[in-house]
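The structure appears right after this line, and notes come after that.
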There are 4 protein chains.
Amino acid sequence: MSQQAGTDRLVELRRELHRRPETAWTEFWTTARIVEELERIGVDEVHVGRDALAPDERMGVPDDEEIAAAFERAREAGAPADLLAEMEGGYTGAVAVLEKGEGPTVALRVDIDGLPRRESDDEDHVPAGEGFRSVHEGAMHACGHDGHATIGIGVLERIEDSDFEGTLKVCFQPAEEVIGGGKAVAESGHLDDVDYLLALHLGLSHPTGEVVAGIDGFLSVSHVEVEFHGEGGHAGARPNEGRNAVQALATAVENLYGIARHEEGATRVNAGKIEGGTASNIIPEYARMEAEVRGASTELKDYTKGRAETVVESAAAMHDCEATFETGPEAPGGHSDDGIRELVSAAAAETDGVDSIVESDELGGSEDATYMMETVQSQGGLAAYVGIGTDHPGGHHSATFDVDERSLDIGVDVIAGAIERIGRDPPPLGED
Amino acid sequence: MSQQAGTDRLVELRRELHRRPETAWTEFWTTARIVEELERIGVDEVHVGRDALAPDERMGVPDDEEIAAAFERAREAGAPADLLAEMEGGYTGAVAVLEKGEGPTVALRVDIDGLPRRESDDEDHVPAGEGFRSVHEGAMHACGHDGHATIGIGVLERIEDSDFEGTLKVCFQPAEEVIGGGKAVAESGHLDDVDYLLALHLGLSHPTGEVVAGIDGFLSVSHVEVEFHGEGGHAGARPNEGRNAVQALATAVENLYGIARHEEGATRVNAGKIEGGTASNIIPEYARMEAEVRGASTELKDYTKGRAETVVESAAAMHDCEATFETGPEAPGGHSDDGIRELVSAAAAETDGVDSIVESDELGGSEDATYMMETVQSQGGLAAYVGIGTDHPGGHHSATFDVDERSLDIGVDVIAGAIERIGRDPPPLGED
Amino acid sequence: MSQQAGTDRLVELRRELHRRPETAWTEFWTTARIVEELERIGVDEVHVGRDALAPDERMGVPDDEEIAAAFERAREAGAPADLLAEMEGGYTGAVAVLEKGEGPTVALRVDIDGLPRRESDDEDHVPAGEGFRSVHEGAMHACGHDGHATIGIGVLERIEDSDFEGTLKVCFQPAEEVIGGGKAVAESGHLDDVDYLLALHLGLSHPTGEVVAGIDGFLSVSHVEVEFHGEGGHAGARPNEGRNAVQALATAVENLYGIARHEEGATRVNAGKIEGGTASNIIPEYARMEAEVRGASTELKDYTKGRAETVVESAAAMHDCEATFETGPEAPGGHSDDGIRELVSAAAAETDGVDSIVESDELGGSEDATYMMETVQSQGGLAAYVGIGTDHPGGHHSATFDVDERSLDIGVDVIAGAIERIGRDPPPLGED
Amino acid sequence: MSQQAGTDRLVELRRELHRRPETAWTEFWTTARIVEELERIGVDEVHVGRDALAPDERMGVPDDEEIAAAFERAREAGAPADLLAEMEGGYTGAVAVLEKGEGPTVALRVDIDGLPRRESDDEDHVPAGEGFRSVHEGAMHACGHDGHATIGIGVLERIEDSDFEGTLKVCFQPAEEVIGGGKAVAESGHLDDVDYLLALHLGLSHPTGEVVAGIDGFLSVSHVEVEFHGEGGHAGARPNEGRNAVQALATAVENLYGIARHEEGATRVNAGKIEGGTASNIIPEYARMEAEVRGASTELKDYTKGRAETVVESAAAMHDCEATFETGPEAPGGHSDDGIRELVSAAAAETDGVDSIVESDELGGSEDATYMMETVQSQGGLAAYVGIGTDHPGGHHSATFDVDERSLDIGVDVIAGAIERIGRDPPPLGED
């Protein structure tokens, strides 16, 4: 049956994507593989790379060397040269447009990047046991974006075959994990005529069969990059002559996590990546940290960021070092609109395999889909961020994260069903 | 004149070595270049690599990948294949033997490795201004070992031409900066018949023209490698589910530097290199540190190491992490013998360019020459560690360290002069 | 007019109480002054001290010396000897019972203790400018309990004069600030027949004229007392021989504030009071800390407490000290019932001076009134915690906190109005 | 026999002094008891309190309340009113002058104050077991000054009975433990005509029977008092509104102990006494610390003090607090002169019970005797600081410190013997 066939092809695609995770702005092979599917489906327009983005709005772009290495790796893995050319320099991702006559313009946003972490090689971890574990050591699809991209393809296929009237755009967005791509897509122009926006995420601790019709509670986030510059020297012979950048960093880390909680809601701090110094016998003259701050609102995030900057500067001063504190990718908070939430809920109610529908839930994390939601909502459109439950053995971002592949079909059914409902009976738009 | 010619050749050799600094156990090109000189001089025996060392006693050996990369780099730079073959796997260094008839056996130890730090590219930094700055980005001769190796060659030339009667062995020792090579040379067998040992160091804050006849006050040292293992997770959505290895490391660093001073003498701690975590939005599940502890005696070093281990284990426990604490390269303390110190002093007094002789000084740092001194002294021989002053603009291990090349000839004169005096009138040996 | 006369007397009483703040379990004079009012009003029963409490359930009791000093101070200030005798040993507080015929039993809980902090002597601070600043240096009514007790008296007067039918009990509870008295009143037996419980608080950032009909969001709390025991010694001559309890405490404080936030809701940590060591030249062998942990639920509080205990024990181990970690006063979370909230709202709507009614608000702090609410609710009764807005120049617990005395009458009107409504038309009770 | 009688009386006196330890500038009873002995002996002059000191040069003076309480306690313990009057306000100590004809002027300095620490009540602790444990709870002679004062009396008796020709001044100096009295005695004028100065200390890890003829290696020291001023607030409801002085202090303590060691010699830091905050539920708005820094030289001490000030100011800035950093009592380093060391050594060689003479030793601690040594040495005189060994079960400043009372007679014999030798054959003086 076609349903089963669809399933098989989606599972196969997801596993292919899973094997080749590419981190933010290096999704060369992934984009090329998606475009291959888009051409198979025969969508009306495909915009790739610079054409899919506002090129100057990329955030969290890695250094040239890392981009070049991934580019070469994608070439060796068989990505077509002409497609690669459109992405050279780290302009990844694609926007597909399906024109199905007069009707509302609906956009679906799916993200496609992997995470810079090693995947478990335990045989109990299904991708390891079944042979589709990451072949890119140190990178992993540990947040389900392989499934998101797959669902995006599945929805295009389904709508292509349906009697939906209107326009569907699917944005395959790069660099979500660094909150780096949402703004570039939001400001690309592709959303300017969009009335309704759907985004989706697998898992989020909801089991297979559960659907969240519209997620709220996105945390506002800023990524920050901190550097400490001190002075080296011989740690044994001249302990007093150095200015110890690692000691400054340690003092900062201790106190960053100790930033006072806020009465008005959740805040977060994480010193997620550190490095410093060169050898055990040299006083470390340099150290750096990639950190993030979050808040239940932009105000709470900014409170935390302000305190973090004070902590960093004081820690540097304490150890006679200089510090820089640079803000990287940021994202606002966000919310789902009831008008569209109801249609998702109705679609889920008629989807095989769905046994629980949650109207709303708090994300508790951050997402740069909020840039796109904000763009659509600010021009009078409606948006919803949909949760598609999936049993996941390890937590998001952990080495044993995996998705239950039954949720791929569920995701396609729920999202496509909601789009069809929008086409049939568009919910009233707001004021521009 | 030959003196000037000698000088020119020594300066040229030193600059060649300076351009290609190789860190511990990767001194492939350096060793090959030294052997080329030894063959030019025509010494009686040359022992290279495994033959120069007790192969199982190497400490601080880097990983295979780093060794292989340096090996390949040396090959590309023209190091002869047969010589490289003798060093494959990171068995570097050489021992040269010059037999000049009946008489005492004297050894000279010079170290040859560079440091893993970037060299200044400021035009005021002479190697940068005059075109012999390191071509190995991230590595630098920042402690004068290029000069030490050069003086070793100069001394062999001088003694070859002199009426010294006896045997001279010059040990070109690798991996001093990680305290990793001294033990392997000390236990190689080459020192078993040595009666007198000289070692030397340029600089140490003594200006050009000053000589320290015998240095004492070597700090005992242990390098330690610490790992923290926690658990990752999404820093925004599940802040409580991770076990934060970077927070554990920061707590450890803060408290390592706070280990109580000791009434009996100097102690040192340095957390010289750290890294941890993978991305700003993932709770860091892993962090590591390369540190060192020192003491004016082995007891004081062990006091500090014991306290450090408690700090590390408690910091891990505090953040629900596990820690490992592994001891790497170590070295004992050491002292110079008066019998040989006097001859160095006498040689210095007759050396052109020497205007100040210091009988003794405290090093304040550590050195794995102490293994070799201990070996010779324990078999009844005498040892001295000689300081050859040199004006150095930046401190040892700093990006602007450099030597005054006038000190190369002074070093050769003082050391060769002392060896000749030993040959003429060997100071009385101690008990075996 | 009687209204104005009432006002004057309430203001006068509040100022009298304000001048003599007594901290937890030392409210001797305060209780005596309240009893004087109760006798003037002519209530039916007055239970004082041990008779008002479950004596064994007091928490946060200060040491004997502090209690004895306050007892003596109250005696000198004129508290009657017979009343004091009933409170000897720190059994303070009172329960007044007014019997007005057949009808529901309603309880009102007001707290009466002050805080251990110095009051501002700035002339702009009204109590200082108008001469009723605390005469107990280092103690202050900085949270409005002087006003609460006064409103309790006002309500009794009002209900005494009204046509309310039923029984009114007013619990003048000691030791709220240390979360120490609520449980002792809750388990005293006086609440066993209570159907409806009201509690109130002035201020909480609501301005004069605003009333919160029922507050929710009480944080669960545990107070903890931590001791570090190390070993002293001469800090100059024998720095290595001590075991530094202050260094252990500092490590603990840094890391307590750094306990990871929790995905499920608010948590709090505060190291509110510390002391340690004896002199600058002695390695400190002892240090202690009074801290608290909170959570939006008891589970979140217990998560934080568990992490705090690990931090304390690890910090002690790190510095070779021993630690004790003892839990002191605790309180559960809590919520207001809608049935009673509506009556409060209705009463507020008819109260002069009320211009804003908020149905519900989150407290964000902790309260041991939750013990009493839990007792009444668990036996099928209803409870509400009412906020009476008051302009307060400084924040709660700050040196310049003060209440707008116009809110005293408003408080009496709203609470008495709600009680009268309960008497007229008791809201349906829940299941026991 | 008189020797034994002397011993008995000295032991009795030492135990009397031990029972009533008085901390810096509160040695009212102690001074009075010493003056009683001086009058019994019949010395020629006794200068008490303001007459023994440069009154404006006292350092480390406690607050008026503490002085007044100790004053009253001394009065109640029987100190004569006229003597007390001379010391009112905390001007304690005495200088005794014995004139014995033509000859050199020799001064002996003994210190008389106790420490602010609790004494052990273990029966194994001799003062506890034998009934002369401190009756001043929280104060203790834990550094042997009770013995020093006793030896001062014993020396006066011995010299009074001897054929010494010259003048002997014994300075019973207050407030050594806070480095607070040495400067005031040094600048009192009493030393202006002194040619030779002896000071002594019991113990210092030397056993009974060992004498150190002249101690060197005094650490320079500065006491510092640090305050942190933040802002209070309710820790549960408004965690973000306070500015946490305890968190600032903890950060400072962690980093003070982490100040880098110095290549040139020993440094010390100690955060000996801390306190802060008022209650567990209030964000602490105030914290303070009494600390000290030391160095093997004044330069090393000043290096450490400079770093400490930076740490304190940065820790305050990090937590939005203000800090003050005030320098209290200070003392220079110092050394003993060989000319007088030899006479001490000779005297020790003829003293019963002395079985080991150490020519020189490093103190490793600080002492304000260095002010007096500096004064005498700067006017051409000679000074020596003599160590009188004594078995002490607990370390100096610990709760179980005690002296072996046999060392009292040894101390008298060695010091008196040295003074007699000075009288017979004065060592040559230096230049003024």
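In the structure tokens, the first chain shown is A, the next is B, and so on; residue numbers restart at 1 for each chain, and ligands run from 1 in the order shown.
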Checklist entry - Taking only C-alpha atoms into account, what are the residues of chain D at most 12 Å from chain B, put as a ChimeraX atom specification? => result /D:205,217,219,250-271,294-296,361-365
Selected residues, C-alpha atoms, written as a compact mmCIF listing (two decimals), in the first residue's frame, please.
# COMPACT_ATOMS: atom_id res chain seq x y z
CA SER D 205 58.39 23.29 67.24
CA GLY D 217 63.21 34.66 58.55
CA LEU D 219 57.72 37.35 57.63
CA ALA D 250 32.96 33.96 49.06
CA THR D 251 34.34 34.83 45.63
CA ALA D 252 37.02 36.93 47.28
CA VAL D 253 38.01 34.21 49.76
CA GLU D 254 38.32 31.59 47.02
CA ASN D 255 40.56 33.87 45.00
CA LEU D 256 42.60 35.31 47.85
CA TYR D 257 43.96 31.88 48.63
CA GLY D 258 44.62 31.51 44.91
CA ILE D 259 46.94 34.51 44.61
CA ALA D 260 49.96 33.33 42.64
CA ARG D 261 53.00 32.26 44.61
CA HIS D 262 56.10 34.40 44.06
CA GLU D 263 59.39 33.29 42.61
CA GLU D 264 61.39 35.24 45.19
CA GLY D 265 60.13 33.59 48.33
CA ALA D 266 57.37 32.76 50.72
CA THR D 267 54.03 34.53 50.72
CA ARG D 268 50.97 33.91 52.86
CA VAL D 269 47.28 34.77 52.83
CA ASN D 270 44.68 34.02 55.46
CA ALA D 271 41.03 34.98 55.63
CA ARG D 294 52.65 38.07 54.58
CA GLY D 295 55.86 37.81 52.66
CA ALA D 296 59.46 36.81 53.21
CA ASP D 361 66.39 29.05 62.32
CA GLU D 362 63.72 30.51 60.11
CA LEU D 363 60.63 31.70 61.96
CA GLY D 364 58.26 31.52 59.05
CA GLY D 365 55.82 33.72 60.93
Checklist entry - Counting only C-alpha atoms, what is within 7 Å of stretch 318-321 of chain D, bar same-chain residues fewer than 4 positions away, as a PyMOL selection string? => result (chain A and resi 310-311+314) or (chain D and resi 228-230+243-245+248+314)
With N, CA, C and O atoms retained, could you export that selection as a JSON list (two decimals), in the first residue's frame?
[["chain", "number", "residue", "atom", "x", "y", "z"],
["A", 310, "THR", "N", 28.95, 41.49, 33.54],
["A", 310, "THR", "CA", 29.62, 41.99, 34.75],
["A", 310, "THR", "C", 30.50, 40.92, 35.38],
["A", 310, "THR", "O", 31.63, 41.18, 35.80],
["A", 311, "VAL", "N", 29.99, 39.70, 35.44],
["A", 311, "VAL", "CA", 30.78, 38.60, 36.02],
["A", 311, "VAL", "C", 32.06, 38.40, 35.22],
["A", 311, "VAL", "O", 33.16, 38.29, 35.78],
["A", 314, "SER", "N", 34.55, 41.33, 35.67],
["A", 314, "SER", "CA", 35.14, 41.36, 37.01],
["A", 314, "SER", "C", 36.11, 40.21, 37.21],
["A", 314, "SER", "O", 37.14, 40.36, 37.87],
["D", 228, "PHE", "N", 32.20, 44.38, 52.65],
["D", 228, "PHE", "CA", 31.41, 44.36, 51.42],
["D", 228, "PHE", "C", 30.03, 44.92, 51.74],
["D", 228, "PHE", "O", 29.37, 44.46, 52.67],
["D", 229, "HIS", "N", 29.62, 45.90, 50.95],
["D", 229, "HIS", "CA", 28.29, 46.50, 51.13],
["D", 229, "HIS", "C", 27.46, 46.26, 49.89],
["D", 229, "HIS", "O", 27.82, 46.70, 48.79],
["D", 230, "GLY", "N", 26.35, 45.54, 50.06],
["D", 230, "GLY", "CA", 25.44, 45.29, 48.95],
["D", 230, "GLY", "C", 24.06, 45.82, 49.28],
["D", 230, "GLY", "O", 23.93, 46.93, 49.80],
["D", 243, "ARG", "N", 21.81, 42.75, 46.24],
["D", 243, "ARG", "CA", 23.21, 42.70, 45.78],
["D", 243, "ARG", "C", 23.94, 41.98, 46.90],
["D", 243, "ARG", "O", 24.05, 42.49, 48.02],
["D", 244, "ASN", "N", 24.42, 40.80, 46.61],
["D", 244, "ASN", "CA", 24.72, 39.80, 47.63],
["D", 244, "ASN", "C", 26.15, 39.92, 48.16],
["D", 244, "ASN", "O", 27.11, 39.49, 47.52],
["D", 245, "ALA", "N", 26.29, 40.47, 49.35],
["D", 245, "ALA", "CA", 27.61, 40.71, 49.93],
["D", 245, "ALA", "C", 28.30, 39.41, 50.33],
["D", 245, "ALA", "O", 29.54, 39.33, 50.31],
["D", 248, "ALA", "N", 29.83, 37.91, 47.25],
["D", 248, "ALA", "CA", 31.05, 38.66, 46.93],
["D", 248, "ALA", "C", 32.20, 38.21, 47.83],
["D", 248, "ALA", "O", 33.32, 37.97, 47.37],
["D", 314, "SER", "N", 37.45, 43.38, 42.75],
["D", 314, "SER", "CA", 36.80, 42.71, 41.62],
["D", 314, "SER", "C", 35.66, 41.83, 42.08],
["D", 314, "SER", "O", 34.63, 41.72, 41.41]]
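Put simply, atom CA of C:Ala85 is 15.5 Å away from atom CA of C:Asp64.
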Item to check | 10 Å contact set for C:Arg33, only C-alpha atoms, chain neighbours under 3 positions out, as a count of residues only | outcome: 13
Checklist entry - Which residues, written as JSON, numbers by chain, have at least one atom at most 12 Å from D:Pro329, with only C-alpha atoms counted and residues fewer than 4 positions away on the same chain left out? => result {"C": [280, 281], "D": [24, 57, 58, 59, 60, 61, 62, 175, 176, 177, 178, 179, 180, 181, 182, 183, 184, 220, 221, 222, 223, 224, 225, 290, 291, 292, 293, 294, 366, 367, 368, 371]}
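Scanning stretch 91-126 of chain B with DSSP on the backbone, the strand (DSSP E) assignments fall on Ala94, Val95, Ala96, Val97, Leu98, Glu99, Lys100, Thr105, Val106, Ala107, Leu108, Arg109, Val110 and Asp111 of chain B.
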Restricting the output to C-alpha atoms, write the selected residues as a PDB file, in the first residue's frame.
ATOM      1  CA  ALA B  94      70.708  11.296  19.865  1.00  0.00           C
ATOM      2  CA  VAL B  95      73.832  10.526  21.862  1.00  0.00           C
ATOM      3  CA  ALA B  96      77.227  11.377  20.335  1.00  0.00           C
ATOM      4  CA  VAL B  97      80.452   9.797  21.619  1.00  0.00           C
ATOM      5  CA  LEU B  98      83.911  11.274  21.056  1.00  0.00           C
ATOM      6  CA  GLU B  99      86.793   9.077  22.154  1.00  0.00           C
ATOM      7  CA  LYS B 100      90.003  10.921  22.791  1.00  0.00           C
ATOM      8  CA  THR B 105      84.332  10.036  30.831  1.00  0.00           C
ATOM      9  CA  VAL B 106      82.470  13.305  30.736  1.00  0.00           C
ATOM     10  CA  ALA B 107      78.887  13.765  29.576  1.00  0.00           C
ATOM     11  CA  LEU B 108      77.185  16.932  28.446  1.00  0.00           C
ATOM     12  CA  ARG B 109      73.417  17.039  28.319  1.00  0.00           C
ATOM     13  CA  VAL B 110      71.584  19.486  26.065  1.00  0.00           C
ATOM     14  CA  ASP B 111      67.849  19.468  25.403  1.00  0.00           C
TER      15      ASP B 111
END
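Taking the backbone of this structure through DSSP, the residues of stretch 310-343 of chain B that come out as helix (DSSP H, G or I) are Thr310, Val311, Val312, Glu313, Ser314, Ala315, Ala316, Ala317, Met318, Asp338, Gly339, Ile340, Arg341, Glu342 and Leu343 of chain B.
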